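Text of final-v5.cif, listed as mmCIF, C-alpha atoms:
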```cif
data_work
loop_
_atom_site.group_PDB
_atom_site.id
_atom_site.type_symbol
_atom_site.label_atom_id
_atom_site.label_comp_id
_atom_site.auth_asym_id
_atom_site.auth_seq_id
_atom_site.Cartn_x
_atom_site.Cartn_y
_atom_site.Cartn_z
ATOM 1 C CA MET I 10 25.704 33.940 2.494
ATOM 2 C CA LYS I 11 24.347 30.390 2.856
ATOM 3 C CA THR I 12 25.795 26.922 2.581
ATOM 4 C CA THR I 13 24.181 24.510 0.121
ATOM 5 C CA LEU I 14 24.146 20.787 -0.483
ATOM 6 C CA THR I 15 23.835 18.666 -3.591
ATOM 7 C CA VAL I 16 21.172 15.984 -3.515
ATOM 8 C CA ASN I 17 20.403 13.208 -5.953
ATOM 9 C CA ILE I 18 16.683 12.454 -6.138
ATOM 10 C CA LEU I 19 16.173 9.437 -8.395
ATOM 11 C CA ASP I 20 19.116 10.438 -10.602
ATOM 12 C CA SER I 21 18.214 14.125 -10.846
ATOM 13 C CA ILE I 22 20.704 16.463 -9.224
ATOM 14 C CA PHE I 23 19.517 19.433 -7.180
ATOM 15 C CA VAL I 24 21.423 22.093 -5.335
ATOM 16 C CA ILE I 25 19.550 22.721 -2.125
ATOM 17 C CA ASP I 26 19.906 25.110 0.833
ATOM 18 C CA ASN I 27 20.917 23.488 4.086
ATOM 19 C CA ASP I 28 17.699 24.392 5.915
ATOM 20 C CA ALA I 29 15.596 23.290 2.934
ATOM 21 C CA TYR I 30 17.412 19.961 2.931
ATOM 22 C CA ASP I 31 16.740 19.420 6.616
ATOM 23 C CA LEU I 32 13.036 20.080 6.151
ATOM 24 C CA LEU I 33 12.778 17.847 3.093
ATOM 25 C CA LYS I 34 14.652 15.020 4.799
ATOM 26 C CA THR I 35 12.431 15.236 7.881
ATOM 27 C CA TYR I 36 9.331 15.249 5.676
ATOM 28 C CA LEU I 37 10.314 12.231 3.554
ATOM 29 C CA ASP I 38 11.482 10.299 6.612
ATOM 30 C CA ALA I 39 8.147 10.971 8.309
ATOM 31 C CA ILE I 40 6.240 9.666 5.270
ATOM 32 C CA GLU I 41 8.461 6.602 5.116
ATOM 33 C CA ALA I 42 7.853 5.915 8.791
ATOM 34 C CA ARG I 43 4.098 6.161 8.242
ATOM 35 C CA LEU I 44 4.274 3.809 5.242
ATOM 36 C CA LYS I 45 6.600 1.320 6.883
ATOM 37 C CA GLU I 46 3.735 -0.823 8.139
ATOM 38 C CA SER I 47 2.329 -1.450 4.674
ATOM 39 C CA GLN I 48 3.867 -3.623 1.987
ATOM 40 C CA VAL I 49 3.822 -0.840 -0.578
ATOM 41 C CA SER I 50 6.284 1.412 1.238
ATOM 42 C CA THR I 51 9.394 1.305 -0.932
ATOM 43 C CA GLU I 52 7.426 1.705 -4.115
ATOM 44 C CA THR I 53 5.247 4.538 -2.867
ATOM 45 C CA ILE I 54 8.160 6.445 -1.353
ATOM 46 C CA LYS I 55 9.933 6.267 -4.731
ATOM 47 C CA ASP I 56 6.822 7.577 -6.488
ATOM 48 C CA ILE I 57 6.705 10.477 -4.071
ATOM 49 C CA GLU I 58 10.397 11.227 -4.551
ATOM 50 C CA ALA I 59 9.826 11.263 -8.304
ATOM 51 C CA ARG I 60 7.022 13.756 -7.781
ATOM 52 C CA VAL I 61 9.221 15.930 -5.561
ATOM 53 C CA SER I 62 11.856 15.998 -8.266
ATOM 54 C CA GLU I 63 9.248 16.823 -10.922
ATOM 55 C CA LEU I 64 7.829 19.660 -8.808
ATOM 56 C CA PHE I 65 11.297 21.109 -8.127
ATOM 57 C CA ILE I 66 11.903 21.305 -11.870
ATOM 58 C CA GLN I 67 8.487 22.909 -12.417
ATOM 59 C CA MET I 68 9.383 25.476 -9.762
ATOM 60 C CA GLY I 69 12.467 26.376 -11.748
ATOM 61 C CA ALA I 70 15.177 24.541 -9.825
ATOM 62 C CA SER I 71 18.288 24.033 -11.939
ATOM 63 C CA SER I 72 22.052 23.945 -11.658
ATOM 64 C CA VAL I 73 22.056 27.707 -11.106
ATOM 65 C CA ARG I 74 18.720 28.017 -9.293
ATOM 66 C CA VAL I 75 18.958 26.632 -5.775
ATOM 67 C CA VAL I 76 16.082 24.813 -4.056
ATOM 68 C CA ASN I 77 15.112 26.965 -1.079
ATOM 69 C CA ILE I 78 12.982 26.300 1.972
ATOM 70 C CA GLY I 79 9.983 28.040 0.382
ATOM 71 C CA MET I 80 9.948 25.449 -2.420
ATOM 72 C CA VAL I 81 10.059 22.602 0.090
ATOM 73 C CA ARG I 82 7.177 24.169 2.062
ATOM 74 C CA GLU I 83 5.199 24.399 -1.178
ATOM 75 C CA ILE I 84 5.888 20.724 -1.874
ATOM 76 C CA ILE I 85 4.635 19.731 1.558
ATOM 77 C CA ARG I 86 1.494 21.803 0.967
ATOM 78 C CA VAL I 87 0.878 20.127 -2.424
ATOM 79 C CA ILE I 88 1.663 16.521 -1.468
ATOM 80 C CA GLY I 89 0.178 16.771 2.009
ATOM 81 C CA SER I 90 1.285 16.184 5.582
ATOM 82 C CA PRO I 91 2.793 12.806 6.521
ATOM 83 C CA GLU I 92 -0.303 12.035 8.609
ATOM 84 C CA ILE I 93 -2.355 11.258 5.482
ATOM 85 C CA PHE I 94 -0.124 8.278 4.682
ATOM 86 C CA GLY I 95 -0.444 4.865 6.179
ATOM 87 C CA ASP I 96 -4.032 5.090 7.428
ATOM 88 C CA ASP I 97 -5.177 3.285 4.306
ATOM 89 C CA SER I 98 -6.931 0.282 5.787
ATOM 90 C CA PHE I 99 -6.590 -1.699 2.548
ATOM 91 C CA ASN I 100 -2.812 -1.634 2.903
ATOM 92 C CA ARG I 101 -2.798 -3.632 6.080
ATOM 93 C CA HIS I 102 -2.175 -7.214 5.122
ATOM 94 C CA SER I 103 0.201 -7.958 7.947
ATOM 95 C CA SER I 104 -0.526 -11.672 7.774
ATOM 96 C CA SER I 105 0.276 -12.102 4.103
ATOM 97 C CA PHE I 106 3.859 -12.417 2.981
ATOM 98 C CA SER I 107 5.278 -12.110 -0.486
ATOM 99 C CA ARG I 108 5.913 -15.430 -2.219
ATOM 100 C CA ALA I 109 9.680 -14.845 -2.260
ATOM 101 C CA GLU I 110 9.856 -15.000 1.524
ATOM 102 C CA LEU I 111 8.134 -18.390 1.701
ATOM 103 C CA LYS I 112 10.853 -20.981 1.214
ATOM 104 C CA ARG I 113 11.078 -24.466 2.734
ATOM 105 C CA LYS I 114 12.897 -24.446 6.019
ATOM 106 C CA ILE I 115 13.524 -26.968 8.810
ATOM 107 C CA LEU I 116 11.253 -25.870 11.656
ATOM 108 C CA ARG I 117 10.015 -27.538 14.793
ATOM 109 C CA ASP I 118 6.231 -27.487 14.962
ATOM 110 C CA PRO I 119 5.054 -26.943 18.554
ATOM 111 C CA GLU I 120 1.883 -28.916 17.806
ATOM 112 C CA ASN I 121 3.495 -31.957 16.168
ATOM 113 C CA ARG I 122 6.051 -33.651 18.393
ATOM 114 C CA THR I 123 6.673 -36.857 20.279
ATOM 115 C CA ILE I 124 9.642 -35.634 22.329
ATOM 116 C CA GLY I 125 11.056 -32.402 20.937
ATOM 117 C CA GLY I 126 9.621 -32.411 17.423
ATOM 118 C CA VAL I 127 12.994 -33.034 15.743
ATOM 119 C CA CYS I 128 11.934 -36.068 13.691
ATOM 120 C CA TYR I 129 8.798 -34.347 12.520
ATOM 121 C CA ALA I 130 10.739 -31.210 11.552
ATOM 122 C CA ILE I 131 13.267 -33.074 9.421
ATOM 123 C CA SER I 132 10.713 -35.371 7.818
ATOM 124 C CA LEU I 133 8.399 -32.478 6.944
ATOM 125 C CA TYR I 134 11.275 -30.665 5.279
ATOM 126 C CA LEU I 135 12.365 -33.761 3.341
ATOM 127 C CA LYS I 136 8.771 -34.899 2.679
ATOM 128 C CA VAL I 137 9.233 -38.372 4.193
ATOM 129 C CA ASP I 138 7.523 -40.324 6.986
ATOM 130 C CA PRO I 139 8.690 -39.247 10.487
ATOM 131 C CA THR I 140 8.655 -42.892 11.646
ATOM 132 C CA LEU I 141 11.798 -43.470 9.577
ATOM 133 C CA PHE I 142 13.776 -40.959 11.655
ATOM 134 C CA LYS I 143 12.273 -42.169 14.893
ATOM 135 C CA ILE I 144 13.544 -45.696 14.159
ATOM 136 C CA LEU I 145 16.970 -44.337 13.162
ATOM 137 C CA PHE I 146 17.326 -42.344 16.382
ATOM 138 C CA ILE I 147 16.180 -45.250 18.544
ATOM 139 C CA LEU I 148 18.613 -47.639 16.838
ATOM 140 C CA ALA I 149 21.473 -45.127 17.260
ATOM 141 C CA ALA I 150 20.523 -44.670 20.907
ATOM 142 C CA ILE I 151 20.547 -48.418 21.593
ATOM 143 C CA PHE I 152 23.767 -49.149 19.700
ATOM 144 C CA GLY I 153 26.321 -46.799 21.211
ATOM 145 C CA GLY I 154 24.068 -44.117 22.624
ATOM 146 C CA SER I 155 24.975 -41.457 20.040
ATOM 147 C CA GLY I 156 21.277 -41.113 19.089
ATOM 148 C CA VAL I 157 20.458 -39.278 22.318
ATOM 149 C CA LEU I 158 23.270 -36.767 21.862
ATOM 150 C CA ALA I 159 22.467 -36.283 18.163
ATOM 151 C CA TYR I 160 18.821 -35.708 18.977
ATOM 152 C CA PHE I 161 19.718 -33.183 21.672
ATOM 153 C CA ILE I 162 22.052 -31.235 19.348
ATOM 154 C CA LEU I 163 19.449 -31.169 16.571
ATOM 155 C CA TRP I 164 16.822 -29.993 19.036
ATOM 156 C CA ILE I 165 19.045 -27.010 19.867
ATOM 157 C CA VAL I 166 19.996 -26.289 16.243
ATOM 158 C CA ILE I 167 16.527 -26.551 14.658
ATOM 159 C CA PRO I 168 14.473 -23.484 15.547
ATOM 160 C CA ALA I 169 10.899 -23.767 16.767
ATOM 161 C CA ALA I 170 8.347 -21.999 14.559
ATOM 162 C CA LYS I 171 7.321 -18.933 16.547
ATOM 163 C CA THR I 172 7.269 -15.873 14.266
ATOM 164 C CA PRO I 173 4.243 -15.303 11.993
ATOM 165 C CA LEU I 174 6.508 -15.836 8.965
ATOM 166 C CA ASP I 175 7.778 -19.204 10.267
ATOM 167 C CA LEU I 176 4.240 -20.329 11.109
ATOM 168 C CA GLU I 177 3.136 -19.352 7.591
ATOM 169 C CA ILE I 178 6.010 -21.413 6.133
ATOM 170 C CA LEU I 179 5.088 -24.353 8.372
ATOM 171 C CA THR I 180 1.461 -24.274 7.226
ATOM 172 C CA GLY I 181 2.605 -23.968 3.614
ATOM 173 C CA MET I 182 4.849 -27.038 3.920
ATOM 174 C CA LYS I 183 2.057 -29.033 5.569
ATOM 175 C CA ASN I 184 -0.591 -28.314 2.959
ATOM 176 C CA GLY I 185 1.951 -28.508 0.134
ATOM 177 C CA THR I 186 1.652 -24.952 -1.160
ATOM 178 C CA ILE I 187 5.367 -24.273 -0.695
ATOM 179 C CA GLU I 188 7.516 -26.480 -2.906
ATOM 180 C CA MET U 25 -24.082 20.140 16.275
ATOM 181 C CA LEU U 26 -20.301 19.822 16.048
ATOM 182 C CA ASN U 27 -20.652 16.089 16.483
ATOM 183 C CA LYS U 28 -23.187 15.861 13.678
ATOM 184 C CA ASN U 29 -20.831 17.702 11.363
ATOM 185 C CA ASN U 30 -18.032 15.289 12.216
ATOM 186 C CA GLN U 31 -20.270 12.361 11.384
ATOM 187 C CA ALA U 32 -21.104 13.884 8.026
ATOM 188 C CA ASP U 33 -17.401 14.503 7.361
ATOM 189 C CA ASN U 34 -16.658 10.891 8.152
ATOM 190 C CA ILE U 35 -19.354 9.577 5.809
ATOM 191 C CA GLN U 36 -18.189 11.999 3.140
ATOM 192 C CA ALA U 37 -14.601 10.771 3.466
ATOM 193 C CA GLN U 38 -15.711 7.139 3.137
ATOM 194 C CA MET U 39 -17.808 7.923 0.069
ATOM 195 C CA ARG U 40 -14.983 9.827 -1.588
ATOM 196 C CA LYS U 41 -12.500 7.051 -0.944
ATOM 197 C CA GLY U 42 -14.498 4.492 -2.869
ATOM 198 C CA VAL U 43 -15.387 6.889 -5.636
ATOM 199 C CA LEU U 44 -11.759 7.973 -5.976
ATOM 200 C CA GLU U 45 -10.713 4.439 -6.887
ATOM 201 C CA TYR U 46 -13.466 4.326 -9.468
ATOM 202 C CA CYS U 47 -12.339 7.694 -10.898
ATOM 203 C CA ILE U 48 -8.761 6.468 -11.344
ATOM 204 C CA LEU U 49 -9.948 3.486 -13.388
ATOM 205 C CA ALA U 50 -12.292 5.718 -15.386
ATOM 206 C CA ILE U 51 -9.523 8.213 -16.204
ATOM 207 C CA LEU U 52 -7.211 5.415 -17.336
ATOM 208 C CA SER U 53 -9.923 3.897 -19.530
ATOM 209 C CA ARG U 54 -9.610 6.894 -21.877
ATOM 210 C CA SER U 55 -5.881 6.584 -22.357
ATOM 211 C CA ASP U 56 -2.743 5.619 -20.493
ATOM 212 C CA CYS U 57 -1.629 8.374 -18.152
ATOM 213 C CA TYR U 58 1.400 9.141 -16.056
ATOM 214 C CA THR U 59 0.899 9.955 -12.421
ATOM 215 C CA SER U 60 0.953 13.744 -12.782
ATOM 216 C CA GLU U 61 -1.786 13.658 -15.445
ATOM 217 C CA ILE U 62 -4.027 11.619 -13.153
ATOM 218 C CA LEU U 63 -3.201 14.058 -10.343
ATOM 219 C CA SER U 64 -4.071 17.179 -12.305
ATOM 220 C CA GLU U 65 -7.384 15.727 -13.469
ATOM 221 C CA LEU U 66 -8.382 14.641 -9.975
ATOM 222 C CA LYS U 67 -7.330 18.002 -8.552
ATOM 223 C CA SER U 68 -9.179 20.052 -11.139
ATOM 224 C CA SER U 69 -12.357 18.091 -10.423
ATOM 225 C CA ASN U 70 -11.764 18.511 -6.663
ATOM 226 C CA MET U 71 -11.642 14.769 -6.099
ATOM 227 C CA ILE U 72 -8.430 15.100 -4.116
ATOM 228 C CA VAL U 73 -6.990 17.991 -2.133
ATOM 229 C CA VAL U 74 -3.438 16.792 -1.512
ATOM 230 C CA GLU U 75 -1.474 14.680 -3.966
ATOM 231 C CA GLY U 76 -0.204 12.230 -1.377
ATOM 232 C CA THR U 77 -3.631 10.571 -1.245
ATOM 233 C CA LEU U 78 -3.208 9.114 -4.713
ATOM 234 C CA TYR U 79 0.138 7.320 -4.463
ATOM 235 C CA PRO U 80 -0.729 4.527 -2.027
ATOM 236 C CA ILE U 81 -3.969 3.853 -3.945
ATOM 237 C CA LEU U 82 -2.140 3.533 -7.278
ATOM 238 C CA THR U 83 0.372 1.136 -5.780
ATOM 239 C CA ARG U 84 -2.418 -0.924 -4.261
ATOM 240 C CA GLN U 85 -4.439 -1.069 -7.466
ATOM 241 C CA LYS U 86 -1.278 -2.162 -9.266
ATOM 242 C CA ASN U 87 -0.632 -4.851 -6.628
ATOM 243 C CA GLN U 88 -4.233 -6.020 -7.005
ATOM 244 C CA GLY U 89 -3.607 -6.459 -10.726
ATOM 245 C CA LEU U 90 -6.027 -3.756 -11.876
ATOM 246 C CA LEU U 91 -3.245 -1.572 -13.278
ATOM 247 C CA SER U 92 0.155 -2.090 -14.751
ATOM 248 C CA TYR U 93 2.767 0.494 -15.644
ATOM 249 C CA ARG U 94 5.698 1.124 -17.938
ATOM 250 C CA TRP U 95 8.517 3.655 -17.744
ATOM 251 C CA GLU U 96 8.885 6.395 -20.327
ATOM 252 C CA GLU U 97 11.573 9.035 -20.599
ATOM 253 C CA SER U 98 10.379 12.574 -20.026
ATOM 254 C CA PRO U 99 11.751 15.678 -21.792
ATOM 255 C CA GLN U 100 12.806 17.029 -18.415
ATOM 256 C CA GLY U 101 12.952 15.493 -14.990
ATOM 257 C CA PRO U 102 12.760 11.870 -13.933
ATOM 258 C CA PRO U 103 11.326 9.084 -16.130
ATOM 259 C CA ARG U 104 7.539 8.875 -15.973
ATOM 260 C CA LYS U 105 5.446 5.972 -14.795
ATOM 261 C CA TYR U 106 2.670 5.419 -17.351
ATOM 262 C CA TYR U 107 -0.249 3.502 -15.914
ATOM 263 C CA THR U 108 -2.544 1.365 -18.013
ATOM 264 C CA LEU U 109 -5.645 -0.715 -17.240
ATOM 265 C CA THR U 110 -5.164 -4.461 -17.233
ATOM 266 C CA ARG U 111 -7.831 -6.947 -18.274
ATOM 267 C CA ASP U 112 -8.883 -7.241 -14.632
ATOM 268 C CA GLY U 113 -8.917 -3.440 -14.455
ATOM 269 C CA TRP U 114 -11.379 -3.261 -17.349
ATOM 270 C CA ILE U 115 -13.600 -5.895 -15.770
ATOM 271 C CA ALA U 116 -13.550 -3.999 -12.467
ATOM 272 C CA LEU U 117 -14.370 -0.749 -14.265
ATOM 273 C CA HIS U 118 -17.396 -2.284 -16.010
ATOM 274 C CA LYS U 119 -18.684 -3.609 -12.715
ATOM 275 C CA LEU U 120 -18.195 -0.218 -11.094
ATOM 276 C CA ASP U 121 -19.956 1.524 -13.990
ATOM 277 C CA GLU U 122 -22.976 -0.671 -13.372
ATOM 278 C CA THR U 123 -22.808 -0.131 -9.615
ATOM 279 C CA TRP U 124 -22.535 3.617 -10.091
ATOM 280 C CA ASN U 125 -25.527 3.746 -12.441
ATOM 281 C CA SER U 126 -27.721 1.724 -10.132
ATOM 282 C CA LEU U 127 -26.616 3.766 -7.104
ATOM 283 C CA VAL U 128 -27.458 7.016 -8.847
ATOM 284 C CA SER U 129 -30.915 5.800 -9.865
ATOM 285 C CA GLN U 130 -31.618 4.304 -6.430
ATOM 286 C CA ILE U 131 -30.621 7.480 -4.644
ATOM 287 C CA SER U 132 -32.542 9.751 -6.965
ATOM 288 C CA GLN U 133 -35.557 7.476 -6.504
ATOM 289 C CA ILE U 134 -35.326 7.817 -2.727
ATOM 290 C CA ARG U 135 -34.802 11.558 -2.907
ATOM 291 C CA GLN U 136 -37.718 11.915 -5.259
ATOM 292 C CA ASN U 137 -39.938 10.000 -2.834
ATOM 293 C CA ASN U 138 -38.775 12.339 -0.078
ATOM 294 C CA ASN U 139 -39.690 15.380 -2.110
ATOM 295 C CA GLU U 140 -43.155 14.030 -2.829
ATOM 296 C CA GLN U 141 -43.845 13.235 0.820
ATOM 297 C CA ASN U 142 -42.243 16.208 2.507
ATOM 298 C CA SER U 143 -43.826 19.542 1.882
ATOM 299 C CA PRO U 144 -41.340 22.383 1.459
ATOM 300 C CA GLU U 145 -42.316 23.787 4.874
ATOM 301 C CA GLN U 146 -41.268 20.587 6.582
ATOM 302 C CA ILE U 147 -37.890 20.608 4.912
ATOM 303 C CA ASN U 148 -37.376 24.228 5.895
ATOM 304 C CA GLN U 149 -38.254 23.398 9.460
ATOM 305 C CA GLU U 150 -35.807 20.494 9.525
ATOM 306 C CA GLN U 151 -33.060 22.658 8.175
ATOM 307 C CA ASN U 152 -33.703 25.237 10.865
ATOM 308 C CA ASN U 153 -33.302 22.586 13.500
ATOM 309 C CA TYR U 154 -29.666 22.039 12.566
#
```

Could the structure of this file be written out as structure tokens, please?
Amino acid sequence: MKTTLTVNILDSIFVIDNDAYDLLKTYLDAIEARLKESQVSTETIKDIEARVSELFIQMGASSVRVVNIGMVREIIRVIGSPEIFGDDSFNRHSSSFSRAELKRKILRDPENRTIGGVCYAISLYLKVDPTLFKILFILAAIFGGSGVLAYFILWIVIPAAKTPLDLEILTGMKNGTIE
Amino acid sequence: MLNKNNQADNIQAQMRKGVLEYCILAILSRSDCYTSEILSELKSSNMIVVEGTLYPILTRQKNQGLLSYRWEESPQGPPRKYYTLTRDGWIALHKLDETWNSLVSQISQIRQNNNEQNSPEQINQEQNNY
């Protein structure tokens, strides 16, 4: 006697032995880990799951025919070990981000600053001349002194561009490719 | 000798990789196919050994704009992804056809020259050295 599980692979239902499930889960997780680096991961892992489901059906899996560990071993033999995934040099575009991620954002540019880069950050985001904010802060500092405090708070609140994504956004805002 | 074999394996793998991409475009130029059809053709012609090789390439070619796909219901099992060549895919295929033809003629030219220069004895001797 064996215990079984029910799995849903892309909307197809399979009844699967416990040990077969463990092996399949380990296998798919290993492939996913290998693909994680590349941009194509979610799509490719879905394609592979679809193939697994197709192969199970070809092997005769059904509501009364349970998927056993032999079937999973056969699948691994046919699709190949996880090591073959992710060494595709063409997939490695770590410096390029999808367009959706590149949105305007207030960022302090480490290379463009007079004091802390706050005026430049705001003016770049709003597409205006930084001098305008410099004058505003100086005036607020002279009349009442609130300019210094405001500047200090903004310096804390506005993040400096450090991550590759932020630097990409910064470059995009500077050369006008991100609207 | 082991090292030499490894080198040859490496070169072979590189050659196959490029040719495999060409084969996918060539198969799709006949008609739209779903993934399993491409797989069975590549397997029967020994272009791939394990199926996993194909999936990342298909996704990449799609991302590069050479292929596009549509979903179709299948009589049993999950819906199928039918791949089709885009305009860019056709252009790439024509370029690759030309490249392939010129490669084949260049290589056969070189090999022919070799055969004319090397007497059969020499070739035998070289083979024995390995």

Subject >> Expected answer as a PyMOL selection string: chain I residues within 6 Å of chain U, only C-alpha atoms >> reply: chain I and resi 63+87-89

Original post:
On this structure, which residues satisfy the PyMOL selection byres ((chain U and resi 119-131) around 10), written as a ChimeraX atom specification?
Top reply: /U:43,45-47,49-50,113-118,132-137

Suppose we keep C-alpha atoms; can you now write the selection as a CSV table (one decimal), in the frame of the given file?
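Result file again_24.csv:
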```
chain,number,residue,atom,x,y,z
U,43,VAL,CA,-15.4,6.9,-5.6
U,45,GLU,CA,-10.7,4.4,-6.9
U,46,TYR,CA,-13.5,4.3,-9.5
U,47,CYS,CA,-12.3,7.7,-10.9
U,49,LEU,CA,-9.9,3.5,-13.4
U,50,ALA,CA,-12.3,5.7,-15.4
U,113,GLY,CA,-8.9,-3.4,-14.5
U,114,TRP,CA,-11.4,-3.3,-17.3
U,115,ILE,CA,-13.6,-5.9,-15.8
U,116,ALA,CA,-13.6,-4.0,-12.5
U,117,LEU,CA,-14.4,-0.7,-14.3
U,118,HIS,CA,-17.4,-2.3,-16.0
U,132,SER,CA,-32.5,9.8,-7.0
U,133,GLN,CA,-35.6,7.5,-6.5
U,134,ILE,CA,-35.3,7.8,-2.7
U,135,ARG,CA,-34.8,11.6,-2.9
U,136,GLN,CA,-37.7,11.9,-5.3
U,137,ASN,CA,-39.9,10.0,-2.8
```

Original post:
What lies within 12 Å of Lys114 of chain I using all atoms listed in the file, ignoring chain neighbours under 4 positions off, as a PyMOL selection string?
Top reply: chain I and resi 110+118+130-136+167-170+174-183+187-188

**OP:** Have a look at atom CA of Phe142 of chain I and atom CA of Leu111 of chain I and let me know their distance in Å, one decimal.
**Re:** 25.3 Å

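Residue nearest Thr186 of chain I within the list I:Ile66, I:Glu41, I:Arg113, I:Thr15: I:Arg113 [criterion: smallest interatomic distance, all atoms listed in the file].
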